[in-house]
Amino acid sequence: MSILEVKNVKKIYSSFIGGNKVEALKNVNFSVEEGEYVAIMGESGSGKTTLLNILAAIDRPTSGSVILDGKNLTDIKDSEIAAFRRDNLGFVFQDFNLLDTFTLEDNIYLPLVLARKQYPEMHSRLEPIAAKLAISDILKKYPYEVSGGQKQRAAVARALITRPKLILADEPTGALDSKATDELLNLFGEINRTGQTILMVTHSVKAASHAGRVLFIRDGEVFHQIYRGGDTNDAIYQKISDTLTLLATGGDRK
């Protein structure tokens with residue numbers, strides 16, 4: 001069953017001076033099945049950031065539709081979009097987006113506080129997540145008191161605590177060292193195996209090699225995709241590298 005459907009999505013930006021138009025997305029079509037782990041890759045300027053913003057309901061497409069769990073994002077009123085995003089999407093960012101004046105625990109609780117959940121429910125939701133992410137003993141610490149890897153684990157906990165239909169991860173390993181990167185990617189794999197759907201935008205071949213499917217964006221369109229099948233991470237890594245070389249040299253679709 002598809003949890004996310006992207007149909008004929010186009011995005012055109014018009015400049016205020018001269019009326020020039022830039023077509024960031026031309027005709028993007030793909031779907032994500034419930035429980036999938038999908039990575040999106042592409043060179044800078046390929047349109048993947050624009051696509052992520054549209055999937056996150058931060059931006060709207062010029063035409064086409066994005067349907068999340070049967071709900072067309074373009075039909076949601078501006079006054080309702082923040083609540084929809086909070087209730088249905090979990091976000092993991094490269095720079096963590098944690099508030100330094102809040103403890104890790106309070107940062108994780110924040111989306112539930114905004115949703116007006118009561119403390120007993122928030123606490124009961126956090127306990128198993130914190131245990132799984134190995135952050136139970138640092139919840140009272142502030143972001144500046146912990147490592148980058150621990151910050152990212154707290155950010156993952158914040159994404160999971162709302163029980164989202166889809167986690168959107170934007171370069172989640174970009175600010176981490178190699179050890180923390182390995183830990184986070186293994187963690188994403190564990191989370192995905194519990195049934196959580198993940199869509200990750202990344203430049204990292206290593207990060208993408210952990211996904212079950214990799215989509216490649218070029219010039220505002222889906223250029224190619226790779227399915228894991230029974231391949232190892234090393235085999236997927238090589239296939240991704242070969243496809244990126246093809247992208248860089250202007251080759252045709254395979």
# chains A, B, ... in the order shown; residues from 1 in each chain; ligands from 1
$ closest_atom_pairs --of "range 187-223 of chain A" --to "range 31-40 of chain A" --cutoff "9 Å" --atoms "only C-alpha atoms" --output "Markdown table"
| residue | atom | partner | partner_atom | distance |
| --- | --- | --- | --- | --- |
| A:Phe188 | CA | A:Tyr37 | CA | 8.8 |
| A:Gly189 | CA | A:Tyr37 | CA | 8.3 |
| A:Asn192 | CA | A:Tyr37 | CA | 6.6 |
| A:Arg193 | CA | A:Gly35 | CA | 7.8 |
| A:Thr194 | CA | A:Gly35 | CA | 8.2 |
| A:Gly195 | CA | A:Gly35 | CA | 4.7 |
| A:Gln196 | CA | A:Gly35 | CA | 5.3 |
| A:Thr197 | CA | A:Gly35 | CA | 4.3 |
| A:Ile198 | CA | A:Tyr37 | CA | 4.7 |
| A:Leu199 | CA | A:Val38 | CA | 4.8 |
| A:Met200 | CA | A:Ala39 | CA | 4.6 |
| A:Val201 | CA | A:Ile40 | CA | 4.7 |
| A:Thr202 | CA | A:Ile40 | CA | 6.4 |
| A:His203 | CA | A:Ile40 | CA | 8.5 |
| A:Ala207 | CA | A:Ala39 | CA | 8.3 |
| A:Ala208 | CA | A:Ala39 | CA | 5.5 |
| A:Ser209 | CA | A:Ala39 | CA | 8.5 |
| A:His210 | CA | A:Tyr37 | CA | 8.5 |
| A:Ala211 | CA | A:Tyr37 | CA | 5.2 |
| A:Gly212 | CA | A:Tyr37 | CA | 5.3 |
| A:Arg213 | CA | A:Val38 | CA | 4.9 |
| A:Val214 | CA | A:Ala39 | CA | 4.7 |
| A:Leu215 | CA | A:Ile40 | CA | 4.8 |
| A:Phe216 | CA | A:Ile40 | CA | 5.9 |
| A:Ile217 | CA | A:Ile40 | CA | 7.2 |
$ write_last_selection --atoms "N, CA, C and O atoms" --output "mmCIF file, in the first residue's frame"
data_model
loop_
_atom_site.group_PDB
_atom_site.id
_atom_site.type_symbol
_atom_site.label_atom_id
_atom_site.label_comp_id
_atom_site.auth_asym_id
_atom_site.auth_seq_id
_atom_site.Cartn_x
_atom_site.Cartn_y
_atom_site.Cartn_z
ATOM 1 N N PHE A 188 18.526 3.925 11.995
ATOM 2 C CA PHE A 188 17.485 4.098 10.990
ATOM 3 C C PHE A 188 17.019 2.740 10.459
ATOM 4 O O PHE A 188 15.829 2.527 10.228
ATOM 5 N N GLY A 189 17.974 1.832 10.263
ATOM 6 C CA GLY A 189 17.620 0.497 9.802
ATOM 7 C C GLY A 189 16.729 -0.224 10.795
ATOM 8 O O GLY A 189 15.736 -0.864 10.414
ATOM 9 N N ASN A 192 13.265 1.363 10.747
ATOM 10 C CA ASN A 192 12.547 0.952 9.543
ATOM 11 C C ASN A 192 12.028 -0.481 9.670
ATOM 12 O O ASN A 192 10.909 -0.784 9.223
ATOM 13 N N ARG A 193 12.801 -1.337 10.296
ATOM 14 C CA ARG A 193 12.378 -2.736 10.444
ATOM 15 C C ARG A 193 11.173 -2.885 11.375
ATOM 16 O O ARG A 193 10.490 -3.909 11.346
ATOM 17 N N THR A 194 10.895 -1.866 12.185
ATOM 18 C CA THR A 194 9.689 -1.889 13.026
ATOM 19 C C THR A 194 8.464 -1.453 12.241
ATOM 20 O O THR A 194 7.348 -1.463 12.786
ATOM 21 N N GLY A 195 8.661 -1.044 10.975
ATOM 22 C CA GLY A 195 7.536 -0.644 10.130
ATOM 23 C C GLY A 195 7.474 0.832 9.822
ATOM 24 O O GLY A 195 6.579 1.273 9.084
ATOM 25 N N GLN A 196 8.401 1.638 10.367
ATOM 26 C CA GLN A 196 8.387 3.080 10.131
ATOM 27 C C GLN A 196 8.863 3.402 8.715
ATOM 28 O O GLN A 196 9.906 2.939 8.276
ATOM 29 N N THR A 197 8.087 4.198 7.987
ATOM 30 C CA THR A 197 8.448 4.633 6.645
ATOM 31 C C THR A 197 9.423 5.808 6.742
ATOM 32 O O THR A 197 9.174 6.766 7.484
ATOM 33 N N ILE A 198 10.519 5.736 5.996
ATOM 34 C CA ILE A 198 11.548 6.776 6.029
ATOM 35 C C ILE A 198 11.872 7.222 4.613
ATOM 36 O O ILE A 198 12.069 6.393 3.716
ATOM 37 N N LEU A 199 11.934 8.531 4.404
ATOM 38 C CA LEU A 199 12.410 9.097 3.143
ATOM 39 C C LEU A 199 13.545 10.058 3.481
ATOM 40 O O LEU A 199 13.352 11.014 4.232
ATOM 41 N N MET A 200 14.720 9.786 2.946
ATOM 42 C CA MET A 200 15.925 10.535 3.297
ATOM 43 C C MET A 200 16.530 11.195 2.066
ATOM 44 O O MET A 200 16.744 10.542 1.044
ATOM 45 N N VAL A 201 16.811 12.487 2.166
ATOM 46 C CA VAL A 201 17.554 13.200 1.130
ATOM 47 C C VAL A 201 19.006 13.288 1.581
ATOM 48 O O VAL A 201 19.277 13.715 2.711
ATOM 49 N N THR A 202 19.927 12.876 0.729
ATOM 50 C CA THR A 202 21.329 12.838 1.146
ATOM 51 C C THR A 202 22.285 12.961 -0.035
ATOM 52 O O THR A 202 21.944 12.587 -1.162
ATOM 53 N N HIS A 203 23.462 13.519 0.244
ATOM 54 C CA HIS A 203 24.574 13.492 -0.710
ATOM 55 C C HIS A 203 25.474 12.291 -0.447
ATOM 56 O O HIS A 203 26.348 11.984 -1.257
ATOM 57 N N ALA A 207 25.277 6.761 3.312
ATOM 58 C CA ALA A 207 23.944 6.829 3.912
ATOM 59 C C ALA A 207 22.907 6.199 2.986
ATOM 60 O O ALA A 207 22.074 5.405 3.419
ATOM 61 N N ALA A 208 22.967 6.534 1.708
ATOM 62 C CA ALA A 208 21.986 6.017 0.750
ATOM 63 C C ALA A 208 22.077 4.506 0.606
ATOM 64 O O ALA A 208 21.068 3.837 0.333
ATOM 65 N N SER A 209 23.282 3.957 0.804
ATOM 66 C CA SER A 209 23.475 2.513 0.622
ATOM 67 C C SER A 209 22.756 1.689 1.692
ATOM 68 O O SER A 209 22.653 0.479 1.575
ATOM 69 N N HIS A 210 22.249 2.352 2.731
ATOM 70 C CA HIS A 210 21.496 1.654 3.771
ATOM 71 C C HIS A 210 20.007 1.599 3.455
ATOM 72 O O HIS A 210 19.256 0.903 4.145
ATOM 73 N N ALA A 211 19.559 2.336 2.446
ATOM 74 C CA ALA A 211 18.133 2.379 2.108
ATOM 75 C C ALA A 211 17.722 1.157 1.294
ATOM 76 O O ALA A 211 18.555 0.454 0.723
ATOM 77 N N GLY A 212 16.422 0.944 1.225
ATOM 78 C CA GLY A 212 15.916 -0.158 0.424
ATOM 79 C C GLY A 212 15.759 0.204 -1.039
ATOM 80 O O GLY A 212 15.716 -0.672 -1.908
ATOM 81 N N ARG A 213 15.661 1.523 -1.299
ATOM 82 C CA ARG A 213 15.539 2.007 -2.670
ATOM 83 C C ARG A 213 16.158 3.387 -2.752
ATOM 84 O O ARG A 213 16.051 4.174 -1.806
ATOM 85 N N VAL A 214 16.806 3.682 -3.866
ATOM 86 C CA VAL A 214 17.442 4.986 -4.056
ATOM 87 C C VAL A 214 16.894 5.613 -5.330
ATOM 88 O O VAL A 214 16.953 5.015 -6.406
ATOM 89 N N LEU A 215 16.345 6.829 -5.194
ATOM 90 C CA LEU A 215 15.871 7.606 -6.333
ATOM 91 C C LEU A 215 16.906 8.671 -6.667
ATOM 92 O O LEU A 215 17.461 9.310 -5.763
ATOM 93 N N PHE A 216 17.158 8.864 -7.948
ATOM 94 C CA PHE A 216 18.112 9.878 -8.392
ATOM 95 C C PHE A 216 17.364 10.972 -9.152
ATOM 96 O O PHE A 216 16.614 10.696 -10.090
ATOM 97 N N ILE A 217 17.577 12.223 -8.723
ATOM 98 C CA ILE A 217 16.940 13.375 -9.356
ATOM 99 C C ILE A 217 17.971 14.098 -10.223
ATOM 100 O O ILE A 217 19.091 14.360 -9.777
#
$ select_by_dssp --residues "range 24-225 of chain A" --states "strand (DSSP E or B)" --output "VMD selection string"
chain A and resid 24 to 33 37 to 41 63 to 68 71 to 72 89 to 93 166 to 170 198 to 201 213 to 218 221 to 225
$ residues_around --residues "range 245-251 of chain A" --least-positions-apart "6" --cutoff "12 Å" --atoms "only C-alpha atoms" --output "ChimeraX atom specification"
/A:41-44,46,205,216-219,222-224,238-239
$ write_last_selection --atoms "all heavy atoms" --output "compact mmCIF listing (two decimals), in the first residue's frame"
# COMPACT_ATOMS: atom_id res chain seq x y z
N MET A 41 18.76 11.10 -4.04
CA MET A 41 20.07 11.69 -4.30
C MET A 41 20.03 12.53 -5.57
O MET A 41 19.14 12.37 -6.42
CB MET A 41 21.14 10.60 -4.45
CG MET A 41 21.29 9.69 -3.26
SD MET A 41 22.78 8.67 -3.38
CE MET A 41 24.03 9.88 -2.89
N GLY A 42 21.00 13.41 -5.71
CA GLY A 42 21.12 14.25 -6.90
C GLY A 42 22.12 15.35 -6.63
O GLY A 42 22.39 15.71 -5.48
N GLU A 43 22.68 15.90 -7.71
CA GLU A 43 23.65 16.96 -7.56
C GLU A 43 22.98 18.24 -7.05
O GLU A 43 21.75 18.38 -7.11
CB GLU A 43 24.33 17.24 -8.91
CG GLU A 43 25.14 16.07 -9.44
CD GLU A 43 25.80 16.39 -10.77
OE1 GLU A 43 25.11 16.92 -11.66
OE2 GLU A 43 27.01 16.12 -10.92
N SER A 44 23.78 19.18 -6.56
CA SER A 44 23.24 20.47 -6.14
C SER A 44 22.53 21.12 -7.32
O SER A 44 23.04 21.13 -8.44
CB SER A 44 24.37 21.38 -5.65
OG SER A 44 24.98 20.85 -4.50
N SER A 46 19.67 20.03 -8.50
CA SER A 46 18.88 19.03 -9.22
C SER A 46 17.39 19.11 -8.92
O SER A 46 16.57 18.57 -9.65
CB SER A 46 19.39 17.62 -8.90
OG SER A 46 19.23 17.34 -7.51
N VAL A 205 26.84 8.72 -0.24
CA VAL A 205 26.66 7.40 -0.84
C VAL A 205 26.52 6.36 0.27
O VAL A 205 25.71 5.43 0.17
CB VAL A 205 27.85 7.05 -1.76
CG1 VAL A 205 27.71 5.64 -2.32
CG2 VAL A 205 27.95 8.06 -2.90
N PHE A 216 17.16 8.86 -7.95
CA PHE A 216 18.11 9.88 -8.39
C PHE A 216 17.36 10.97 -9.15
O PHE A 216 16.61 10.70 -10.09
CB PHE A 216 19.18 9.26 -9.29
CG PHE A 216 20.01 8.21 -8.60
CD1 PHE A 216 19.60 6.89 -8.57
CD2 PHE A 216 21.20 8.55 -7.97
CE1 PHE A 216 20.35 5.92 -7.93
CE2 PHE A 216 21.96 7.59 -7.31
CZ PHE A 216 21.53 6.27 -7.30
N ILE A 217 17.58 12.22 -8.72
CA ILE A 217 16.94 13.38 -9.36
C ILE A 217 17.97 14.10 -10.22
O ILE A 217 19.09 14.36 -9.78
CB ILE A 217 16.39 14.35 -8.30
CG1 ILE A 217 15.43 13.65 -7.36
CG2 ILE A 217 15.72 15.55 -8.97
CD1 ILE A 217 14.13 13.21 -7.98
N ARG A 218 17.60 14.39 -11.46
CA ARG A 218 18.45 15.19 -12.33
C ARG A 218 17.58 16.16 -13.11
O ARG A 218 16.58 15.77 -13.70
CB ARG A 218 19.25 14.32 -13.31
CG ARG A 218 20.25 15.15 -14.13
CD ARG A 218 21.18 14.30 -14.98
NE ARG A 218 20.51 13.84 -16.20
CZ ARG A 218 21.14 13.18 -17.17
NH1 ARG A 218 22.43 12.87 -17.04
NH2 ARG A 218 20.49 12.79 -18.24
N ASP A 219 17.97 17.44 -13.08
CA ASP A 219 17.26 18.47 -13.83
C ASP A 219 15.76 18.46 -13.54
O ASP A 219 14.92 18.61 -14.44
CB ASP A 219 17.50 18.32 -15.33
CG ASP A 219 18.97 18.46 -15.70
OD1 ASP A 219 19.69 19.18 -14.99
OD2 ASP A 219 19.39 17.84 -16.69
N VAL A 222 12.86 12.57 -11.94
CA VAL A 222 13.42 11.30 -11.47
C VAL A 222 14.14 10.66 -12.66
O VAL A 222 13.53 10.32 -13.67
CB VAL A 222 12.33 10.36 -10.94
CG1 VAL A 222 12.95 9.01 -10.56
CG2 VAL A 222 11.64 10.98 -9.72
N PHE A 223 15.45 10.53 -12.53
CA PHE A 223 16.30 10.05 -13.62
C PHE A 223 16.44 8.53 -13.61
O PHE A 223 16.46 7.88 -14.65
CB PHE A 223 17.68 10.72 -13.47
CG PHE A 223 18.74 10.19 -14.39
CD1 PHE A 223 18.78 10.55 -15.73
CD2 PHE A 223 19.74 9.34 -13.90
CE1 PHE A 223 19.78 10.07 -16.56
CE2 PHE A 223 20.73 8.86 -14.73
CZ PHE A 223 20.76 9.23 -16.07
N HIS A 224 16.54 7.98 -12.41
CA HIS A 224 16.83 6.55 -12.30
C HIS A 224 16.53 6.11 -10.87
O HIS A 224 16.42 6.94 -9.95
CB HIS A 224 18.31 6.31 -12.62
CG HIS A 224 18.73 4.87 -12.62
ND1 HIS A 224 18.13 3.93 -13.42
CD2 HIS A 224 19.68 4.21 -11.90
CE1 HIS A 224 18.71 2.74 -13.22
NE2 HIS A 224 19.64 2.89 -12.30
N GLN A 238 28.27 0.48 -4.57
CA GLN A 238 28.90 0.52 -5.89
C GLN A 238 27.91 0.94 -6.97
O GLN A 238 28.23 1.73 -7.86
CB GLN A 238 29.49 -0.85 -6.23
CG GLN A 238 30.33 -0.86 -7.51
CD GLN A 238 31.48 0.13 -7.47
OE1 GLN A 238 32.29 0.11 -6.53
NE2 GLN A 238 31.55 1.04 -8.43
N LYS A 239 26.69 0.44 -6.89
CA LYS A 239 25.66 0.82 -7.87
C LYS A 239 25.34 2.30 -7.79
O LYS A 239 25.14 2.97 -8.81
CB LYS A 239 24.40 -0.02 -7.67
CG LYS A 239 24.53 -1.47 -8.08
CD LYS A 239 23.21 -2.21 -7.89
CE LYS A 239 23.31 -3.66 -8.35
NZ LYS A 239 22.03 -4.40 -8.18
$ closest_residue --among "A:Arg153, A:Lys10, A:Arg158, A:Lys77" --to "Lys132 in chain A" --atoms "only C-alpha atoms"
A:Arg153
$ residues_around --residues "Lys151 in chain A" --least-positions-apart "3" --cutoff "8 Å" --atoms "only C-alpha atoms" --output "tab-separated table (two decimals) with N, CA and C atoms, in the first residue's frame"
chain	number	residue	atom	x	y	z
A	96	PHE	N	20.27	19.34	13.42
A	96	PHE	CA	19.54	18.87	14.59
A	96	PHE	C	18.30	19.71	14.94
A	98	LEU	N	17.68	21.64	17.48
A	98	LEU	CA	17.32	21.57	18.89
A	98	LEU	C	17.44	22.95	19.52
A	104	LEU	N	17.16	18.04	26.44
A	104	LEU	CA	16.83	17.11	25.37
A	104	LEU	C	15.40	16.60	25.53
A	143	PRO	N	21.43	20.51	24.89
A	143	PRO	CA	22.13	20.16	23.66
A	143	PRO	C	23.63	20.46	23.66
A	146	VAL	N	26.05	17.62	25.14
A	146	VAL	CA	26.15	16.27	24.59
A	146	VAL	C	26.82	16.31	23.22
A	147	SER	N	27.17	15.13	22.70
A	147	SER	CA	27.86	15.02	21.42
A	147	SER	C	26.88	15.19	20.25
A	148	GLY	N	27.45	15.34	19.06
A	148	GLY	CA	26.63	15.46	17.86
A	148	GLY	C	25.75	14.23	17.64
A	154	ALA	N	18.49	12.46	19.84
A	154	ALA	CA	17.37	13.21	20.43
A	154	ALA	C	16.45	13.74	19.33
A	155	ALA	N	17.03	14.19	18.23
A	155	ALA	CA	16.22	14.68	17.11
A	155	ALA	C	15.39	13.55	16.50
$ closest_atom_pairs --of "range 102-189 of chain A" --to "range 53-72 of chain A" --cutoff "12 Å" --atoms "only C-alpha atoms" --output "tab-separated table"
residue	atom	partner	partner_atom	distance
A:Pro164	CA	A:Asp69	CA	11.0
A:Lys165	CA	A:Asp69	CA	7.7
A:Leu166	CA	A:Leu68	CA	8.5
A:Ile167	CA	A:Ala56	CA	9.6
A:Leu168	CA	A:Ala56	CA	7.5
A:Ala169	CA	A:Ala56	CA	10.2
A:Asp170	CA	A:Asn53	CA	10.0
$ closest_residue --among "A:Thr162, A:Thr49, A:Asn27, A:Asn8" --to "Asn88 in chain A" --atoms "only C-alpha atoms"
A:Thr162
$ select_by_dssp --residues "range 32-190 of chain A" --states "helix (DSSP H, G or I)" --output "ChimeraX atom specification"
/A:48-55,73-75,78-88,104-114,119-133,136-138,143-145,148-160,178-190
$ atom_distance --atom1 "CA of Thr101 in chain A" --atom2 "CA of Ile191 in chain A"
28.3 Å
$ closest_residue --among "A:Asn20, A:Thr181, A:Gln150, A:Asn29" --to "Leu4 in chain A" --atoms "only C-alpha atoms"
A:Asn29
$ atom_distance --atom1 "CA of Lys48 in chain A" --atom2 "CA of Val6 in chain A"
13.2 Å
$ closest_residue --among "A:Gly174, A:Tyr237, A:Gly220, A:Leu133" --to "Val22 in chain A" --atoms "only C-alpha atoms"
A:Gly220
